[in-house]
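Working notes, structure below.
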Amino acid sequence: MLDLTQSQPPAWMDFRRTRIVGWQEIEDMVRPHLHEIATRYDLLVAILRAGSPVAALIARHTGMPIDYLVCSRRNAEPHFLDGTVRAPRGRRILLVDDVCGSGWTFERARAYCAALGNVTGTFSVFRCDAPEMYVPDYSLPAAPHDYLRWPWEYQAESEMPALCAPSALSPSLAPLTA
């Protein structure tokens with residue numbers, strides 16, 4: 001059973017290589033599941049932050065609404081962005097994240113949503129394909145030692161698209177330099 005009290009990533013997270021993931025690969029993974037998702041669920045819940053682009057892609061194809069849940073090792077107590085009062089209740093929720101490793105985030109998010117009277121499923125583009133790892137309802141296997149680089153992540157200014165790079169901004173929007 002997964003230890004939800006663990007505050008650090010599991011020891012197996014020893015990344016040895018980087019795998020670049022493109023939008024087309026994500027789209028190809030999502031597309032075969034769209035009809036089933038739209039039939040089984042009535043709300044997408046993006047686990048912030050990385051679940052947001054994936055949930056937006058699913059919503060674009062299905063027309064489903066999206067809500068946002070904060071749940072991470074830094075914010076171990078899940079909560080909806082709009083607070084408990086406005087949290088969904090009695091819904092059929094698909095929790096959406098980019099990748100699933102140990103399942104720590106999904107397990108906490110599912111328990112929180114169930115306590116609010118929701119039925120949940122889980123979706124991640126990839127899951128860690130290693131023994132005893134959590135397997136979402138929808139996902140593709142990924143090697144446990146691959147660091148996944150997503151198309152919405154920029155790790156250096158030089159990786160930003162030309163229109164988003166600070167040098168492309170108008171002088172009034174460019175960052176101040178000393």
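Note on naming: chains are A, B, ... as they come in the structure tokens, residues start from 1 per chain, ligands start from 1 in the order shown.
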
Surrounding residues of range 32-47 of chain A excluding itself and chain neighbours under 6 positions, 7 Å, only C-alpha atoms, as an NGL selection string: :A and (55 or 62 or 64-71 or 91-97)

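What separates CA of Gly117 in chain A from CA of Arg74 in chain A is a distance of 25.1 Å.
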
Here is a test: counting only C-alpha atoms, which residue of A:Cys100, A:Ile26, A:Ala111, A:Leu116 is nearest to Ala130 in chain A? A:Cys100

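Of the listed residues (A:Val119, A:Gly103, A:Ser72, A:Ala50), A:Val119 comes nearest to Pro88 in chain A; the distances count only C-alpha atoms.
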
For Pro151 in chain A, work out the shell of residues within 7 Å, counting only C-alpha atoms and skipping chain neighbours fewer than 2 positions away, then give it as a ChimeraX atom specification. /A:21-23,149,153

Calculate how many Å separate CA of Asp98 in chain A from CA of Asp82 in chain A, rounding to one decimal. 21.6 Å
